[in-house]
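Trainee: Starting off with a structure, shown below.
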Amino acid sequence: MKSADSYILRIRAGPSIDKLALINPNDEQNPILIASPSFTGYMCVRVLNFNGVVPPNAPHIPTPNSSYFQGRNRRYSIMTQGRFHERFNGNDIVFGLEFDDKVRLPSGVGLAMKIAQWLDPALRADLYADKPWIMSPFVTAMNALAVYDETSPEVWDGRSGEDVAKGRGNKITPVGGTPTSVVQNANGGNEKSTGLWSFHSRMIPEETDGLFEEDSPGLVSYEKRKKYFADEKNRERAVILPSKIYAMDFYDAYFDFNSISFKLPGFTVNALRYFDGQAMRFIAKSRDGKHVFYVVEFTLMERDEGESDYSSQADS
């Protein structure tokens with residue numbers, strides 16, 4: 001019987017399912033740049049004790065240089081800083097997991113979903129569908145969310161005006177066929193900019209007044225935001241604007257890719273016995289399916305296949 005050591009983690013990301021590229025987790029200083037027709041932004045994926053596949057010539061970084069995981073119960077994180085290209089309301093955008101085929105489910109999954117919906121009342125799921133899914137509104141799914149004006153120093157990494165004018169920014173890695181013009185605009189200090197990548201070594205704060213055009217309810221914590229946006233009418237009050245820059249962090253405290261298990265309070269559930277080779281695909285998209293903003297795919301490959309895939313890329 002195969003063990004967790006038989007598998008190796010590969011992470012890909014991009015603007016759509018068919019434009020995914022291998023990324024290097026924990027490379028906090030060098031984010032990837034994702035540009036879809038509906039979203040442009042930086043992304044950094046962090047994984048605790050990462051021991052997976054990395055792109056050719058990229059350094060293997062088991063642990064982030066920052067203190068992101070220190071003293072915090074987190075297993076992996078998807079952090080983004082970017083700009084949506086159209087106006088949406090807070091109920092229009094969803095974030096969650098999609099699978100290509102039916103999944104094998106352990107006993108007790110119904111109870112687990114009830115607990116998940118107690119933690120996030122806006123979460124919805126169909127785990128028995130031909131293509132199972134778990135989705136939550138963007139405004140409740142993100143564990144940390146901050147909304148900034150495009151001139152806010154918070155999204156310019158404390159750089160001077162001279163640095164911005166001269167285009168001195170981060171080293172960024174475009175993925176998914178991002179045009180050169182988009183890369184130049186991303187941190188070039190103009191109206192198409194997403195700022196400079198600013199969360200390489202600091203946490204995203206909870207700053208959500210920018211979600212409201214008037215009368216902000218003062219959602220000063222994730223718990224208050226989640227409770228407020230459990231009501232669909234409140235979500236529809238919120239606005240997502242092309243003129244704003246959004247910093248977002250989604251993280252998971254429970255699933256451990258190294259042991260292929262759920263680390264729950266007081267006990268561990270071995271997920272390997274239910275693993276069928278499917279990828280865990282996170283997607284940010286519009287509720288009506290007309291817009292895909294970004295995709296992140298975690299795949300546990302058989303170690304021989306994963307290492308062979310890495311070797312073939314390195315040799316090409």
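Residue numbering restarts at 1 for every chain of the structure tokens, chains are lettered A, B, ... in their displayed order, and ligands are numbered from 1 as they appear.
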Determine, using only C-alpha atoms, which residues of segment 16-123 of chain A have any atom at most 12 Å from an atom of segment 243-248 of chain A, and tabulate each with its shortest atom pair and distance in Å to one decimal place, rows ordered by chain and then rising number, as JSON lines.
Mentor:
{"residue": "A:Phe39", "atom": "CA", "partner": "A:Ile245", "partner_atom": "CA", "distance": 10.6}
{"residue": "A:Thr40", "atom": "CA", "partner": "A:Ile245", "partner_atom": "CA", "distance": 9.9}
{"residue": "A:Gly41", "atom": "CA", "partner": "A:Tyr246", "partner_atom": "CA", "distance": 8.9}
{"residue": "A:Tyr42", "atom": "CA", "partner": "A:Ala247", "partner_atom": "CA", "distance": 9.4}
{"residue": "A:Met43", "atom": "CA", "partner": "A:Met248", "partner_atom": "CA", "distance": 9.5}
{"residue": "A:Cys44", "atom": "CA", "partner": "A:Met248", "partner_atom": "CA", "distance": 10.6}
{"residue": "A:Val45", "atom": "CA", "partner": "A:Met248", "partner_atom": "CA", "distance": 11.8}
{"residue": "A:Ser77", "atom": "CA", "partner": "A:Met248", "partner_atom": "CA", "distance": 10.2}
{"residue": "A:Ile78", "atom": "CA", "partner": "A:Met248", "partner_atom": "CA", "distance": 8.1}
{"residue": "A:Met79", "atom": "CA", "partner": "A:Met248", "partner_atom": "CA", "distance": 5.6}
{"residue": "A:Thr80", "atom": "CA", "partner": "A:Met248", "partner_atom": "CA", "distance": 5.2}
{"residue": "A:Gln81", "atom": "CA", "partner": "A:Ala247", "partner_atom": "CA", "distance": 4.3}
{"residue": "A:Gly82", "atom": "CA", "partner": "A:Tyr246", "partner_atom": "CA", "distance": 5.4}
{"residue": "A:Arg83", "atom": "CA", "partner": "A:Ile245", "partner_atom": "CA", "distance": 5.0}
{"residue": "A:Phe84", "atom": "CA", "partner": "A:Ile245", "partner_atom": "CA", "distance": 7.8}
{"residue": "A:His85", "atom": "CA", "partner": "A:Ser243", "partner_atom": "CA", "distance": 8.5}
{"residue": "A:Glu86", "atom": "CA", "partner": "A:Ser243", "partner_atom": "CA", "distance": 9.1}
{"residue": "A:Arg87", "atom": "CA", "partner": "A:Ser243", "partner_atom": "CA", "distance": 9.1}
{"residue": "A:Phe88", "atom": "CA", "partner": "A:Ser243", "partner_atom": "CA", "distance": 11.9}
{"residue": "A:Phe95", "atom": "CA", "partner": "A:Met248", "partner_atom": "CA", "distance": 11.5}
Trainee: Taking the chain letters and numbering used in this document, name the residues of segment 22-260 of chain A that DSSP puts in strand (DSSP E or B), as a ChimeraX atom specification.
Mentor: /A:22,32-36,39-47,76-84,88-89,93-98,124-126,133-137,144-149,173-174,207,239-240,244-252,255-256
Trainee: Under the rule that only C-alpha atoms are counted, which of A:Phe212, A:Phe69, A:Phe255, A:Trp118 is the nearest residue to Tyr148 of chain A?
Mentor: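 So, comparing all the options, the nearest one is A:Phe212.
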Trainee: To one decimal in Å, tell me the separation between atom CA of Tyr76 of chain A and atom CA of Val269 of chain A.
Mentor: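 Interatomic distance here is 17.5 Å.
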Trainee: Counting only C-alpha atoms, which residues of segment 232-290 of chain A fall within 10 Å of segment 12-28 of chain A, and what is the closest atom pair for each with its distance in Å at one decimal, ordered by chain and rising number, as JSON lines?
Mentor:
{"residue": "A:Arg281", "atom": "CA", "partner": "A:Ile17", "partner_atom": "CA", "distance": 8.9}
{"residue": "A:Phe282", "atom": "CA", "partner": "A:Ala13", "partner_atom": "CA", "distance": 9.3}
{"residue": "A:Ile283", "atom": "CA", "partner": "A:Ser16", "partner_atom": "CA", "distance": 8.5}
{"residue": "A:Ala284", "atom": "CA", "partner": "A:Pro15", "partner_atom": "CA", "distance": 9.6}
{"residue": "A:Lys285", "atom": "CA", "partner": "A:Ser16", "partner_atom": "CA", "distance": 9.7}
Trainee: Mind dumping the selected residues with N, CA and C atoms as a compact mmCIF listing (two decimals), in the first residue's frame?
Mentor:
# COMPACT_ATOMS: atom_id res chain seq x y z
N ARG A 281 -8.44 22.09 -6.94
CA ARG A 281 -8.38 23.28 -7.79
C ARG A 281 -9.20 24.40 -7.16
N PHE A 282 -8.49 25.44 -6.73
CA PHE A 282 -9.16 26.63 -6.21
C PHE A 282 -9.38 27.60 -7.36
N ILE A 283 -10.55 28.20 -7.38
CA ILE A 283 -10.89 29.12 -8.45
C ILE A 283 -11.64 30.32 -7.90
N ALA A 284 -11.26 31.50 -8.37
CA ALA A 284 -12.00 32.73 -8.10
C ALA A 284 -12.71 33.08 -9.40
N LYS A 285 -14.02 33.20 -9.34
CA LYS A 285 -14.80 33.43 -10.56
C LYS A 285 -16.08 34.19 -10.23
Trainee: Please list as a PyMOL selection string every residue within 8 Å of Leu272 of chain A, counting only C-alpha atoms and excluding residues in the same chain fewer than 2 positions away.
Mentor: chain A and resi 3-4+260-261+270+274-275
Trainee: Contacts between segment 131-144 of chain A and segment 93-120 of chain A, please, where a residue of segment 93-120 of chain A counts if it comes within 8 Å (with only C-alpha atoms); show its shortest atom pair and distance in Å to one decimal, rows by chain and ascending number, as CSV.
Mentor:
residue,atom,partner,partner_atom,distance
A:Ile93,CA,A:Phe138,CA,5.5
A:Val94,CA,A:Pro137,CA,4.2
A:Phe95,CA,A:Phe138,CA,5.3
A:Gly96,CA,A:Met135,CA,4.3
A:Leu97,CA,A:Ile134,CA,5.1
A:Glu98,CA,A:Trp133,CA,4.5
A:Phe99,CA,A:Lys131,CA,5.4
A:Asp100,CA,A:Lys131,CA,5.2
A:Asp101,CA,A:Lys131,CA,4.8
A:Lys102,CA,A:Lys131,CA,5.7
A:Val103,CA,A:Pro132,CA,7.2
A:Asp120,CA,A:Thr140,CA,7.2
Trainee: Based on the backbone DSSP call, show me all residues of segment 11-134 of chain A assigned helix (DSSP H, G or I), as a JSON list (two decimals) with N, CA and C atoms, in the first residue's frame.
Mentor:
[["chain", "number", "residue", "atom", "x", "y", "z"],
["A", 109, "VAL", "N", -18.76, 13.04, 6.41],
["A", 109, "VAL", "CA", -18.54, 14.25, 5.62],
["A", 109, "VAL", "C", -19.72, 15.21, 5.79],
["A", 110, "GLY", "N", -20.92, 14.65, 6.00],
["A", 110, "GLY", "CA", -22.09, 15.51, 6.19],
["A", 110, "GLY", "C", -21.94, 16.37, 7.45],
["A", 111, "LEU", "N", -21.44, 15.77, 8.51],
["A", 111, "LEU", "CA", -21.22, 16.51, 9.75],
["A", 111, "LEU", "C", -20.15, 17.57, 9.54],
["A", 112, "ALA", "N", -19.09, 17.20, 8.79],
["A", 112, "ALA", "CA", -18.02, 18.15, 8.52],
["A", 112, "ALA", "C", -18.54, 19.37, 7.76],
["A", 113, "MET", "N", -19.46, 19.13, 6.81],
["A", 113, "MET", "CA", -20.01, 20.25, 6.04],
["A", 113, "MET", "C", -20.89, 21.13, 6.93],
["A", 114, "LYS", "N", -21.61, 20.52, 7.86],
["A", 114, "LYS", "CA", -22.42, 21.32, 8.78],
["A", 114, "LYS", "C", -21.54, 22.23, 9.63],
["A", 115, "ILE", "N", -20.40, 21.70, 10.06],
["A", 115, "ILE", "CA", -19.46, 22.50, 10.84],
["A", 115, "ILE", "C", -18.91, 23.62, 9.98],
["A", 116, "ALA", "N", -18.56, 23.30, 8.71],
["A", 116, "ALA", "CA", -18.02, 24.31, 7.80],
["A", 116, "ALA", "C", -19.03, 25.43, 7.56],
["A", 117, "GLN", "N", -20.30, 25.06, 7.42],
["A", 117, "GLN", "CA", -21.33, 26.07, 7.19],
["A", 117, "GLN", "C", -21.67, 26.84, 8.46],
["A", 118, "TRP", "N", -21.40, 26.25, 9.60],
["A", 118, "TRP", "CA", -21.55, 26.99, 10.85],
["A", 118, "TRP", "C", -20.45, 28.05, 10.95],
["A", 119, "LEU", "N", -19.23, 27.68, 10.50],
["A", 119, "LEU", "CA", -18.12, 28.63, 10.51],
["A", 119, "LEU", "C", -18.31, 29.71, 9.44]]
Trainee: Calculated over only C-alpha atoms, which of the candidates A:Asn258, A:Leu196, A:Ala125, A:Asp209 has the smallest distance to Ser152 of chain A?
Mentor: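 Selected residue with least distance to Ser152 of chain A: A:Leu196.
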Trainee: Pick out the residues sitting within 8 Å of Glu236 of chain A, and hand them over as a PyMOL selection string; count only C-alpha atoms, and ignore anything fewer than 6 positions along from it in its own chain.
Mentor: chain A and resi 89-91
Trainee: Counting only C-alpha atoms, figure out which residue out of A:Pro121, A:Gly210, A:Gly277, A:Pro106 gets nearest to Glu150 of chain A.
Mentor: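 Among A:Pro121, A:Gly210, A:Gly277, A:Pro106, it is A:Gly210 that comes nearest to Glu150 of chain A.
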